[in-house]
file coords-v6.txt (compact mmCIF, C-alpha atoms)
# COMPACT_ATOMS: atom_id res chain seq x y z
CA MET A 133 0.00 0.00 0.00
CA VAL A 134 1.43 3.37 -1.05
CA ASN A 135 1.99 5.83 1.77
CA ASN A 136 0.15 8.92 0.53
CA SER A 137 1.99 11.21 2.92
CA ASN A 138 5.19 10.16 1.17
CA LEU A 139 3.72 9.86 -2.34
CA LYS A 140 2.79 13.53 -2.42
CA TYR A 141 6.49 14.50 -2.38
CA TRP A 142 7.20 12.20 -5.31
CA LEU A 143 4.35 13.89 -7.18
CA ALA A 144 5.67 17.32 -6.22
CA PHE A 145 9.22 16.59 -7.37
CA SER A 146 7.90 15.26 -10.69
CA GLN A 147 6.51 18.76 -11.34
CA ILE A 148 10.01 20.25 -11.34
CA ARG A 149 11.21 20.09 -14.94
CA LEU A 150 14.84 20.37 -13.88
CA ILE A 151 14.56 16.97 -12.22
CA GLY A 152 14.54 14.23 -14.81
CA ALA A 153 14.92 10.49 -14.28
CA THR A 154 18.66 10.59 -13.50
CA ARG A 155 18.45 13.47 -11.02
CA PHE A 156 15.42 11.87 -9.38
CA GLN A 157 17.57 8.81 -8.71
CA LYS A 158 20.11 11.03 -6.93
CA LEU A 159 17.40 12.16 -4.54
CA ILE A 160 16.24 8.59 -3.92
CA LYS A 161 19.78 7.40 -3.15
CA ARG A 162 20.75 10.35 -0.96
CA PHE A 163 17.63 10.78 1.18
CA HIS A 164 15.78 8.13 3.19
CA GLY A 165 12.46 9.55 2.05
CA LEU A 166 11.48 12.28 -0.36
CA GLU A 167 9.85 14.26 2.44
CA SER A 168 13.33 14.97 3.80
CA ALA A 169 14.52 15.73 0.25
CA TRP A 170 11.65 18.20 -0.13
CA ARG A 171 12.76 20.00 3.03
CA ALA A 172 16.51 19.76 2.24
CA ASP A 173 18.52 22.97 2.30
CA LEU A 174 21.09 24.10 -0.25
CA LEU A 175 24.02 22.22 1.31
CA ALA A 176 22.06 18.96 1.55
CA LEU A 177 21.05 19.17 -2.11
CA MET A 178 24.64 19.90 -3.11
CA ASP A 179 25.73 16.91 -1.03
CA ALA A 180 23.27 14.82 -3.06
CA GLY A 181 25.23 15.71 -6.20
CA PHE A 182 23.46 18.83 -7.47
CA GLU A 183 25.52 21.83 -8.58
CA GLU A 184 24.97 24.98 -6.55
CA ASN A 185 23.06 26.85 -9.29
CA LEU A 186 20.81 23.87 -9.90
CA ALA A 187 20.19 23.38 -6.18
CA HIS A 188 19.16 27.05 -5.94
CA GLU A 189 16.72 26.62 -8.85
CA ILE A 190 15.22 23.50 -7.26
CA ILE A 191 14.60 25.36 -4.00
CA ILE A 192 12.90 28.21 -5.91
CA ALA A 193 10.74 25.81 -7.94
CA ARG A 194 9.89 23.87 -4.79
CA SER A 195 8.49 26.98 -3.13
CA GLN A 196 5.86 27.28 -5.87
CA ILE A 197 4.50 23.73 -5.53
CA ASN A 198 2.09 22.40 -2.90
CA PRO A 199 2.55 18.60 -2.40
CA ASP A 200 -0.92 18.22 -0.88
CA GLN A 201 -2.48 19.80 -3.95
CA GLU A 202 -0.56 17.43 -6.22
CA LEU A 203 -2.01 14.47 -4.34
CA GLU A 204 -5.49 15.97 -4.62
CA LYS A 205 -5.04 16.36 -8.40
CA LEU A 206 -4.03 12.71 -8.71
CA GLU A 207 -7.13 11.56 -6.84
CA LYS A 208 -9.40 13.94 -8.76
CA GLU A 209 -8.15 12.54 -12.08
CA ASN A 210 -8.63 9.00 -10.79
CA LEU A 211 -4.99 8.32 -11.66
CA LYS A 212 -2.63 5.93 -9.94
CA ALA A 213 1.08 6.36 -9.34
CA CYS A 214 3.81 3.74 -9.12
CA ARG A 215 7.15 4.71 -7.56
CA PHE A 216 10.53 3.22 -8.42
CA ILE A 217 10.68 1.73 -4.92
CA ASP A 218 7.26 0.02 -5.14
CA GLU A 219 6.94 -3.75 -5.54
CA ASP A 220 4.72 -3.45 -8.62
CA TYR A 221 7.21 -1.25 -10.48
CA PRO A 222 7.97 -3.17 -13.73
CA THR A 223 11.09 -5.30 -13.25
CA LEU A 224 12.49 -4.91 -16.77
CA LEU A 225 12.05 -1.14 -16.70
CA LYS A 226 13.94 -0.92 -13.43
CA GLN A 227 16.97 -2.43 -15.20
CA ILE A 228 17.51 0.34 -17.77
CA PHE A 229 20.04 3.14 -17.34
CA ASP A 230 17.57 5.92 -16.53
CA PRO A 231 14.26 4.41 -15.36
CA PRO A 232 11.46 6.87 -14.53
CA ALA A 233 11.23 7.44 -10.80
CA LEU A 234 7.44 7.74 -10.98
CA LEU A 235 4.84 6.34 -13.37
CA TYR A 236 1.39 7.89 -13.64
CA TYR A 237 -1.16 5.45 -15.01
CA HIS A 238 -4.76 4.52 -15.68
CA GLY A 239 -5.73 0.85 -15.61
CA SER A 240 -3.64 -2.07 -14.39
CA LEU A 241 0.08 -2.87 -14.48
CA ASN A 242 -0.60 -6.62 -14.23
CA GLY A 243 -0.07 -7.12 -17.96
CA LEU A 244 3.54 -6.02 -17.55
CA GLN A 245 4.16 -9.13 -15.47
CA ASN A 246 3.73 -11.15 -18.68
CA PHE A 247 6.31 -11.40 -21.44
CA CYS A 248 6.17 -8.01 -23.21
CA LEU A 249 7.02 -6.97 -26.76
CA ALA A 250 7.19 -3.42 -28.09
CA VAL A 251 5.59 -2.86 -31.51
CA VAL A 252 6.25 0.45 -33.27
CA GLY A 253 6.29 1.90 -36.77
CA THR A 254 5.33 4.69 -39.12
CA ARG A 255 2.24 6.85 -38.80
CA LYS A 256 1.58 6.69 -42.56
CA PHE A 257 1.33 2.95 -43.01
CA SER A 258 0.57 0.93 -46.12
CA LEU A 259 -1.87 -1.95 -46.58
CA TYR A 260 1.16 -4.26 -46.31
CA GLY A 261 2.09 -2.77 -42.94
CA LYS A 262 -1.48 -3.02 -41.69
CA GLN A 263 -1.67 -6.68 -42.68
CA ALA A 264 1.67 -7.43 -40.99
CA VAL A 265 0.52 -5.81 -37.75
CA SER A 266 -2.82 -7.60 -37.84
CA GLU A 267 -1.34 -11.06 -38.33
CA ILE A 268 1.80 -10.88 -36.20
CA VAL A 269 0.28 -9.02 -33.24
CA ALA A 270 -2.82 -11.23 -33.29
CA ASP A 271 -0.67 -14.36 -33.03
CA LEU A 272 1.48 -12.87 -30.25
CA SER A 273 -1.60 -11.77 -28.30
CA ARG A 274 -3.05 -15.27 -28.47
CA GLN A 275 0.18 -16.47 -26.86
CA LYS A 276 -0.41 -14.04 -23.96
CA ILE A 277 2.37 -11.66 -24.98
CA THR A 278 1.61 -8.13 -23.75
CA ILE A 279 1.97 -5.59 -26.56
CA VAL A 280 3.61 -2.27 -25.63
CA SER A 281 3.37 0.76 -27.92
CA GLY A 282 2.91 4.51 -27.95
CA LEU A 283 -0.78 5.15 -28.82
CA ALA A 284 0.39 7.19 -31.83
CA LEU A 285 -1.54 7.29 -35.08
CA GLY A 286 -0.52 4.57 -37.52
CA ILE A 287 1.29 1.35 -36.63
CA ASP A 288 1.16 2.03 -32.87
CA ALA A 289 -2.63 2.33 -32.84
CA LEU A 290 -3.00 -0.68 -35.15
CA ALA A 291 -0.87 -2.76 -32.77
CA HIS A 292 -3.03 -1.82 -29.78
CA GLU A 293 -6.21 -2.55 -31.76
CA ALA A 294 -5.01 -5.93 -33.08
CA CYS A 295 -4.14 -6.94 -29.54
CA LEU A 296 -7.55 -5.91 -28.19
CA GLU A 297 -9.37 -7.70 -31.02
CA ASN A 298 -7.70 -10.90 -29.85
CA ASN A 299 -8.48 -10.34 -26.17
CA GLY A 300 -4.86 -9.57 -25.39
CA LEU A 301 -3.35 -7.14 -22.91
CA THR A 302 -1.71 -4.01 -24.23
CA THR A 303 -0.01 -1.01 -22.64
CA ALA A 304 0.36 2.49 -24.12
CA ILE A 305 3.19 4.83 -23.15
CA LEU A 306 2.48 8.53 -23.56
CA GLY A 307 4.61 11.57 -24.34
CA SER A 308 2.10 13.73 -22.46
CA GLY A 309 0.34 13.60 -19.12
CA ALA A 310 -1.83 10.53 -18.46
CA ASP A 311 -4.80 12.60 -17.26
CA TRP A 312 -7.71 12.34 -19.66
CA GLN A 313 -7.44 15.87 -21.09
CA SER A 314 -3.71 15.47 -21.81
CA ILE A 315 -3.83 12.10 -23.60
CA TYR A 316 -2.34 12.54 -27.07
CA PRO A 317 -3.40 12.24 -29.78
CA SER A 318 -6.90 13.18 -28.65
CA THR A 319 -8.40 11.13 -31.50
CA ASN A 320 -7.07 8.00 -29.78
CA ARG A 321 -8.71 8.64 -26.42
CA TYR A 322 -11.38 6.12 -27.38
CA LEU A 323 -8.58 3.59 -27.90
CA ALA A 324 -7.05 4.48 -24.54
CA LYS A 325 -10.42 3.80 -22.92
CA LYS A 326 -10.64 0.38 -24.62
CA ILE A 327 -7.11 -0.51 -23.46
CA ILE A 328 -8.02 0.29 -19.85
CA GLU A 329 -11.37 -1.52 -20.01
CA ASN A 330 -9.63 -4.63 -21.35
CA GLY A 331 -7.22 -4.82 -18.40
CA GLY A 332 -4.28 -2.89 -19.86
CA ALA A 333 -2.74 0.45 -18.92
CA ILE A 334 -2.02 3.96 -20.13
CA ILE A 335 1.29 5.11 -18.63
CA SER A 336 3.30 8.32 -18.51
CA GLU A 337 6.29 9.59 -16.58
CA TYR A 338 5.04 13.14 -17.14
CA PRO A 339 2.88 14.89 -14.53
CA ILE A 340 -0.79 15.77 -14.78
CA GLY A 341 -1.40 18.43 -17.40
CA ALA A 342 1.91 17.88 -19.25
CA ILE A 343 1.51 18.87 -22.89
CA PRO A 344 2.78 16.57 -25.67
CA ALA A 345 6.02 18.51 -26.18
CA LYS A 346 8.22 17.36 -29.06
CA GLN A 347 11.15 16.51 -26.78
CA ASN A 348 9.00 14.17 -24.68
CA PHE A 349 8.55 11.51 -27.34
CA PRO A 350 12.15 10.33 -27.82
CA LEU A 351 12.39 9.97 -24.03
CA ARG A 352 9.11 8.05 -23.75
CA ASN A 353 10.49 5.62 -26.37
CA ARG A 354 13.08 4.38 -23.85
CA ILE A 355 10.15 3.29 -21.65
CA ILE A 356 8.46 1.45 -24.54
CA SER A 357 11.63 -0.55 -25.19
CA GLY A 358 12.56 -0.72 -21.51
CA LEU A 359 9.35 -2.54 -20.58
CA SER A 360 9.89 -5.12 -23.31
CA LEU A 361 12.05 -8.14 -24.06
CA GLY A 362 12.35 -6.88 -27.61
CA THR A 363 11.15 -4.24 -30.05
CA LEU A 364 9.45 -5.04 -33.36
CA VAL A 365 9.52 -2.33 -36.03
CA ILE A 366 6.85 -2.62 -38.73
CA GLU A 367 7.34 -0.11 -41.54
CA ALA A 368 9.65 2.83 -40.87
CA LYS A 369 11.16 5.47 -43.08
CA GLU A 370 14.88 6.13 -42.89
CA SER A 371 14.40 8.91 -40.34
CA SER A 372 11.37 7.45 -38.53
CA GLY A 373 10.96 8.13 -34.82
CA SER A 374 10.33 4.42 -34.30
CA LEU A 375 14.01 3.83 -35.05
CA ILE A 376 14.78 5.74 -31.84
CA THR A 377 12.89 3.03 -29.94
CA ALA A 378 15.00 0.39 -31.71
CA LYS A 379 18.19 2.22 -30.74
CA TYR A 380 17.08 2.38 -27.12
CA ALA A 381 16.36 -1.36 -27.25
CA LEU A 382 19.91 -2.02 -28.42
CA ASP A 383 21.34 0.27 -25.73
CA GLN A 384 19.27 -1.62 -23.15
CA ASN A 385 20.59 -4.95 -24.43
CA ARG A 386 17.18 -5.98 -25.71
CA GLU A 387 16.35 -7.68 -29.02
CA VAL A 388 15.37 -5.76 -32.16
CA PHE A 389 13.07 -7.25 -34.80
CA ALA A 390 12.04 -5.83 -38.17
CA VAL A 391 9.57 -6.76 -40.90
CA PRO A 392 11.26 -6.53 -44.32
CA GLY A 393 9.70 -4.67 -47.23
CA SER A 394 10.21 -3.65 -50.81
CA ILE A 395 13.51 -1.90 -51.60
CA TYR A 396 11.44 0.62 -53.56
CA ASN A 397 9.11 1.52 -50.70
CA LYS A 398 10.21 4.43 -48.48
CA ASN A 399 8.30 2.89 -45.57
CA SER A 400 10.68 -0.07 -45.69
CA GLN A 401 13.97 1.83 -45.77
CA GLY A 402 14.22 2.01 -41.99
CA THR A 403 13.27 -1.62 -41.36
CA ASN A 404 15.49 -2.96 -44.16
CA ASN A 405 18.43 -0.97 -42.77
CA LEU A 406 17.78 -2.42 -39.30
CA ILE A 407 17.98 -5.92 -40.79
CA LYS A 408 21.26 -5.02 -42.55
CA GLN A 409 22.60 -3.88 -39.17
CA GLY A 410 21.69 -7.18 -37.48
CA ALA A 411 18.04 -6.94 -36.46
CA LYS A 412 16.15 -10.23 -36.64
CA LEU A 413 14.11 -10.49 -39.85
CA VAL A 414 10.50 -11.30 -38.97
CA ILE A 415 7.83 -12.78 -41.21
CA ASN A 416 5.62 -14.25 -38.47
CA ALA A 417 5.17 -14.41 -34.70
CA ASN A 418 7.16 -17.65 -34.42
CA ASP A 419 10.32 -15.82 -35.51
CA ILE A 420 10.00 -13.62 -32.43
CA LEU A 421 9.03 -16.40 -30.03
CA GLU A 422 11.98 -18.54 -31.15
CA GLU A 423 14.51 -15.70 -30.93
CA LEU A 424 13.35 -14.86 -27.39
CA ASN A 425 13.30 -18.55 -26.42
CA LEU A 426 9.64 -18.24 -25.50
CA LYS A 427 8.20 -20.93 -27.74
CA GLN A 428 9.01 -23.82 -25.44
CA ILE A 429 8.01 -21.89 -22.30
CA ILE A 430 4.66 -20.82 -23.74
CA GLY A 431 4.13 -24.26 -25.27
CA ALA A 432 4.68 -25.91 -21.89
CA GLU A 433 2.24 -23.48 -20.25
CA SER A 434 -0.35 -24.19 -22.94
CA GLU A 435 0.04 -27.94 -22.48
CA ASN A 436 -0.54 -27.55 -18.75
CA GLN A 437 -3.61 -25.41 -19.30
CA ALA A 438 -5.03 -27.79 -21.91
CA ARG A 439 -4.69 -30.96 -19.86
CA ALA A 440 -7.95 -32.90 -19.81
CA GLU A 441 -9.37 -33.99 -16.46
CA THR A 442 -12.40 -35.90 -17.75
CA ALA A 443 -13.23 -38.02 -20.81
CA GLU A 444 -15.50 -35.23 -22.13
CA GLU A 445 -12.71 -32.64 -21.83
CA GLU A 446 -10.29 -34.94 -23.65
CA ILE A 447 -12.71 -35.29 -26.58
CA ILE A 448 -13.25 -31.52 -26.76
CA LEU A 449 -9.54 -30.66 -26.60
CA LYS A 450 -8.81 -33.05 -29.46
CA ILE A 451 -11.37 -31.21 -31.59
CA LEU A 452 -10.32 -27.65 -30.75
CA SER A 453 -7.32 -25.83 -32.24
CA LYS A 454 -6.32 -22.22 -32.90
CA GLU A 455 -9.05 -22.05 -35.56
CA PRO A 456 -12.47 -21.00 -34.14
CA ILE A 457 -15.13 -23.70 -34.16
CA HIS A 458 -18.79 -23.21 -33.27
CA ILE A 459 -20.41 -25.14 -30.45
CA ASP A 460 -22.80 -26.79 -32.94
CA LYS A 461 -19.88 -28.34 -34.80
CA ILE A 462 -18.19 -29.34 -31.55
CA SER A 463 -21.42 -31.08 -30.61
CA GLN A 464 -21.58 -32.77 -34.01
CA PHE A 465 -17.97 -34.00 -33.91
CA SER A 466 -17.90 -34.95 -30.23
CA LYS A 467 -21.33 -36.65 -30.16
CA LEU A 468 -21.66 -35.36 -26.59
CA LYS A 469 -25.05 -34.42 -25.18
CA ILE A 470 -25.52 -30.66 -25.12
CA ASN A 471 -25.71 -30.44 -21.31
CA ALA A 472 -22.46 -32.39 -20.85
CA LEU A 473 -20.79 -30.42 -23.64
CA SER A 474 -21.81 -27.01 -22.23
CA SER A 475 -20.65 -27.98 -18.75
CA ALA A 476 -17.26 -29.22 -20.00
CA LEU A 477 -16.76 -26.10 -22.13
CA THR A 478 -17.52 -23.85 -19.16
CA ILE A 479 -15.02 -25.66 -16.93
CA LEU A 480 -12.31 -25.62 -19.62
CA GLU A 481 -12.87 -21.91 -20.13
CA MET A 482 -12.62 -21.26 -16.38
CA ARG A 483 -9.26 -23.09 -16.39
CA ASP A 484 -8.19 -20.89 -19.30
CA ALA A 485 -7.64 -23.98 -21.45
CA ILE A 486 -10.03 -22.68 -24.12
CA LYS A 487 -11.53 -19.35 -25.10
CA ASP A 488 -14.93 -18.27 -26.40
CA LEU A 489 -14.25 -15.68 -29.12
CA GLY A 490 -17.90 -14.69 -29.08
CA GLY A 491 -21.02 -16.28 -30.47
CA LYS A 492 -20.03 -19.65 -28.98
CA ASN A 493 -16.98 -19.93 -31.26
CA TYR A 494 -14.20 -21.66 -29.34
CA ILE A 495 -10.43 -21.99 -29.74
CA LYS A 496 -7.79 -23.79 -27.70
CA ASN A 497 -5.54 -21.44 -25.71
call {"tool": "encode", "arguments": {"input": "coords-v6.txt", "output": "structure tokens"}}
result
Amino acid sequence: MVNNSNLKYWLAFSQIRLIGATRFQKLIKRFHGLESAWRADLLALMDAGFEENLAHEIIIARSQINPDQELEKLEKENLKACRFIDEDYPTLLKQIFDPPALLYYHGSLNGLQNFCLAVVGTRKFSLYGKQAVSEIVADLSRQKITIVSGLALGIDALAHEACLENNGLTTAILGSGADWQSIYPSTNRYLAKKIIENGGAIISEYPIGAIPAKQNFPLRNRIISGLSLGTLVIEAKESSGSLITAKYALDQNREVFAVPGSIYNKNSQGTNNLIKQGAKLVINANDILEELNLKQIIGAESENQARAETAEEEIILKILSKEPIHIDKISQFSKLKINALSSALTILEMRDAIKDLGGKNYIKN
């Protein structure tokens, strides 16, 4: 449980633009709690590693911020905050060079406990790029891979949508505040709402009311890659911002994947160059799962989930696959009475061995 009396000082410090992720870490290491950091005098701040001029500016900025009001704003916006020292702070993100000290978020961070993959790309996508996103992300989502992206127009939004369409968990990282009025682009607020409703999260390191400033987006890209085992780039021009995410992934010792494209298509120049530089060429989800050594792990988990406990369940599991099949056909093939079939399907679904895609169309998980 977060101590609100302490949290308010984290919120207050996040309002001081001079204090980025690295300087925030200095405060965490030097002071036992940020309340004492908030009350620290010039000498104490200098002892924490801040230059005298910077320490002076922090003290001035501090005098214009009310920590109690910052906590009230958080509660009013129905936002949550996760501190670097909290148990639910994402483990992979904590391992990067400059992890955010504080994450503002809507929704749930539970999806970040799964295996995560970043999916990014151009805003002006082609039909080829859209198809690649739809197929690859759909397959990854069915394997319970959490998709991380930036909510931007184009490939980012398509990745979130493909994940949601397949009942997967997805997380969006913002370059603006996470409060509802600040979510950018505003046209994707409906998508943000769907992500939250489906059990995912909208996350930002920027405080309430932070505008989507140009310089914020390269920095937020380190969080996208930092939360993920690898980064997949689907369509990117030679100077695409998504290549910044790939560079961060390399710096963080994470894997980089790229979907190849035509040598005559500008949208493929960035991805083809990544492949030339050593990124893993991807044509389907299996390429990613194999490179990350996840295929056997996920396969073992699926086998455990799909283990039959009754004769009826065994018959059903032999019929089901990754292709949807309607309950009427299951009944026809299994020759089970409808009451027994419905009961077995319900139990298998509760054990997460199968999934109803809607309209009584079932697949094996």
call {"tool": "atom_distance", "arguments": {"input": "coords-v6.txt", "atom1": "CA of Tyr380 in chain A", "atom2": "CA of Arg354 in chain A"}}
result
5.5 Å
call {"tool": "closest_residue", "arguments": {"input": "coords-v6.txt", "among": "A:Arg274, A:Arg439, A:Arg215, A:Lys140", "to": "Phe156 in chain A", "atoms": "only C-alpha atoms"}}
result
A:Arg215
call {"tool": "closest_residue", "arguments": {"input": "coords-v6.txt", "among": "A:Leu424, A:Ile355, A:Leu449, A:Ile470", "to": "Asp230 in chain A", "atoms": "all atoms listed in the file"}}
result
A:Ile355
call {"tool": "closest_residue", "arguments": {"input": "coords-v6.txt", "among": "A:Ser308, A:Thr254, A:Gln227, A:Ser314", "to": "Leu290 in chain A", "atoms": "all atoms listed in the file"}}
result
A:Thr254
call {"tool": "residues_around", "arguments": {"input": "coords-v6.txt", "residues": "range 410-415 of chain A", "least_positions_apart": "6", "cutoff": "10 Å", "atoms": "all atoms listed in the file", "output": "PyMOL selection string"}}
result
chain A and resi 264+267-268+363-366+378+382+387-392+403-404+423
call {"tool": "closest_residue", "arguments": {"input": "coords-v6.txt", "among": "A:Lys487, A:Lys158, A:Lys256, A:His164", "to": "Asn138 in chain A", "atoms": "only C-alpha atoms"}}
result
A:His164
call {"tool": "closest_residue", "arguments": {"input": "coords-v6.txt", "among": "A:Ala310, A:Ile217, A:Leu406, A:Ile356", "to": "Ile334 in chain A", "atoms": "only C-alpha atoms"}}
result
A:Ala310
call {"tool": "closest_atom_pairs", "arguments": {"input": "coords-v6.txt", "of": "range 299-331 of chain A", "to": "range 246-251 of chain A", "cutoff": "12 Å", "atoms": "all atoms listed in the file", "output": "tab-separated table"}}
result
residue	atom	partner	partner_atom	distance
A:Gly300	CA	A:Asn246	CA	11.0
A:Leu301	CA	A:Asn246	CA	9.2
A:Thr302	CA	A:Cys248	CA	8.9
A:Thr303	CA	A:Ala250	CA	9.3
A:Ala304	CA	A:Ala250	CA	9.9
A:Ile305	CA	A:Ala250	CA	10.4
call {"tool": "closest_residue", "arguments": {"input": "coords-v6.txt", "among": "A:Arg483, A:Arg194, A:Lys454, A:Arg155", "to": "Met178 in chain A", "atoms": "all atoms listed in the file"}}
result
A:Arg155
call {"tool": "residues_near_point", "arguments": {"input": "coords-v6.txt", "point": "(-7.1, 12.7, -11.7)", "cutoff": "10 Å", "atoms": "all atoms listed in the file", "output": "PyMOL selection string"}}
result
chain A and resi 202-212+236-238+310-313+340-341
call {"tool": "residues_around", "arguments": {"input": "coords-v6.txt", "residues": "Glu370 in chain A", "least_positions_apart": "6", "cutoff": "9 Å", "atoms": "all atoms listed in the file", "output": "ChimeraX atom specification"}}
result
/A:398-403,405
call {"tool": "atom_distance", "arguments": {"input": "coords-v6.txt", "atom1": "CA of Leu150 in chain A", "atom2": "CA of Pro339 in chain A"}}
result
13.2 Å
call {"tool": "atom_distance", "arguments": {"input": "coords-v6.txt", "atom1": "CA of Leu244 in chain A", "atom2": "CA of Leu225 in chain A"}}
result
9.8 Å
call {"tool": "decode", "arguments": {"input": "coords-v6.txt", "residues": "range 363-415 of chain A", "atoms": "C-alpha atoms", "output": "PDB file, in the first residue's frame"}}
result
ATOM      1  CA  THR A 363      11.148  -4.238 -30.054  1.00  0.00           C
ATOM      2  CA  LEU A 364       9.449  -5.043 -33.361  1.00  0.00           C
ATOM      3  CA  VAL A 365       9.523  -2.327 -36.026  1.00  0.00           C
ATOM      4  CA  ILE A 366       6.850  -2.625 -38.725  1.00  0.00           C
ATOM      5  CA  GLU A 367       7.339  -0.105 -41.536  1.00  0.00           C
ATOM      6  CA  ALA A 368       9.646   2.827 -40.866  1.00  0.00           C
ATOM      7  CA  LYS A 369      11.161   5.467 -43.082  1.00  0.00           C
ATOM      8  CA  GLU A 370      14.878   6.126 -42.894  1.00  0.00           C
ATOM      9  CA  SER A 371      14.401   8.906 -40.340  1.00  0.00           C
ATOM     10  CA  SER A 372      11.366   7.453 -38.533  1.00  0.00           C
ATOM     11  CA  GLY A 373      10.956   8.132 -34.816  1.00  0.00           C
ATOM     12  CA  SER A 374      10.327   4.423 -34.302  1.00  0.00           C
ATOM     13  CA  LEU A 375      14.013   3.832 -35.051  1.00  0.00           C
ATOM     14  CA  ILE A 376      14.777   5.743 -31.838  1.00  0.00           C
ATOM     15  CA  THR A 377      12.892   3.028 -29.945  1.00  0.00           C
ATOM     16  CA  ALA A 378      14.997   0.386 -31.714  1.00  0.00           C
ATOM     17  CA  LYS A 379      18.193   2.225 -30.738  1.00  0.00           C
ATOM     18  CA  TYR A 380      17.076   2.376 -27.116  1.00  0.00           C
ATOM     19  CA  ALA A 381      16.356  -1.359 -27.251  1.00  0.00           C
ATOM     20  CA  LEU A 382      19.914  -2.023 -28.424  1.00  0.00           C
ATOM     21  CA  ASP A 383      21.339   0.266 -25.728  1.00  0.00           C
ATOM     22  CA  GLN A 384      19.274  -1.619 -23.146  1.00  0.00           C
ATOM     23  CA  ASN A 385      20.594  -4.954 -24.430  1.00  0.00           C
ATOM     24  CA  ARG A 386      17.179  -5.979 -25.714  1.00  0.00           C
ATOM     25  CA  GLU A 387      16.351  -7.684 -29.015  1.00  0.00           C
ATOM     26  CA  VAL A 388      15.371  -5.764 -32.161  1.00  0.00           C
ATOM     27  CA  PHE A 389      13.069  -7.254 -34.805  1.00  0.00           C
ATOM     28  CA  ALA A 390      12.042  -5.831 -38.167  1.00  0.00           C
ATOM     29  CA  VAL A 391       9.567  -6.763 -40.897  1.00  0.00           C
ATOM     30  CA  PRO A 392      11.262  -6.532 -44.318  1.00  0.00           C
ATOM     31  CA  GLY A 393       9.704  -4.675 -47.226  1.00  0.00           C
ATOM     32  CA  SER A 394      10.214  -3.650 -50.807  1.00  0.00           C
ATOM     33  CA  ILE A 395      13.508  -1.902 -51.596  1.00  0.00           C
ATOM     34  CA  TYR A 396      11.443   0.617 -53.562  1.00  0.00           C
ATOM     35  CA  ASN A 397       9.113   1.521 -50.702  1.00  0.00           C
ATOM     36  CA  LYS A 398      10.210   4.434 -48.480  1.00  0.00           C
ATOM     37  CA  ASN A 399       8.303   2.890 -45.566  1.00  0.00           C
ATOM     38  CA  SER A 400      10.684  -0.067 -45.692  1.00  0.00           C
ATOM     39  CA  GLN A 401      13.973   1.833 -45.769  1.00  0.00           C
ATOM     40  CA  GLY A 402      14.221   2.010 -41.986  1.00  0.00           C
ATOM     41  CA  THR A 403      13.274  -1.622 -41.359  1.00  0.00           C
ATOM     42  CA  ASN A 404      15.491  -2.961 -44.158  1.00  0.00           C
ATOM     43  CA  ASN A 405      18.425  -0.967 -42.769  1.00  0.00           C
ATOM     44  CA  LEU A 406      17.783  -2.420 -39.304  1.00  0.00           C
ATOM     45  CA  ILE A 407      17.982  -5.918 -40.788  1.00  0.00           C
ATOM     46  CA  LYS A 408      21.257  -5.016 -42.551  1.00  0.00           C
ATOM     47  CA  GLN A 409      22.599  -3.885 -39.167  1.00  0.00           C
ATOM     48  CA  GLY A 410      21.692  -7.177 -37.482  1.00  0.00           C
ATOM     49  CA  ALA A 411      18.042  -6.940 -36.464  1.00  0.00           C
ATOM     50  CA  LYS A 412      16.154 -10.227 -36.635  1.00  0.00           C
ATOM     51  CA  LEU A 413      14.115 -10.486 -39.848  1.00  0.00           C
ATOM     52  CA  VAL A 414      10.501 -11.303 -38.970  1.00  0.00           C
ATOM     53  CA  ILE A 415       7.825 -12.778 -41.205  1.00  0.00           C
TER      54      ILE A 415
END
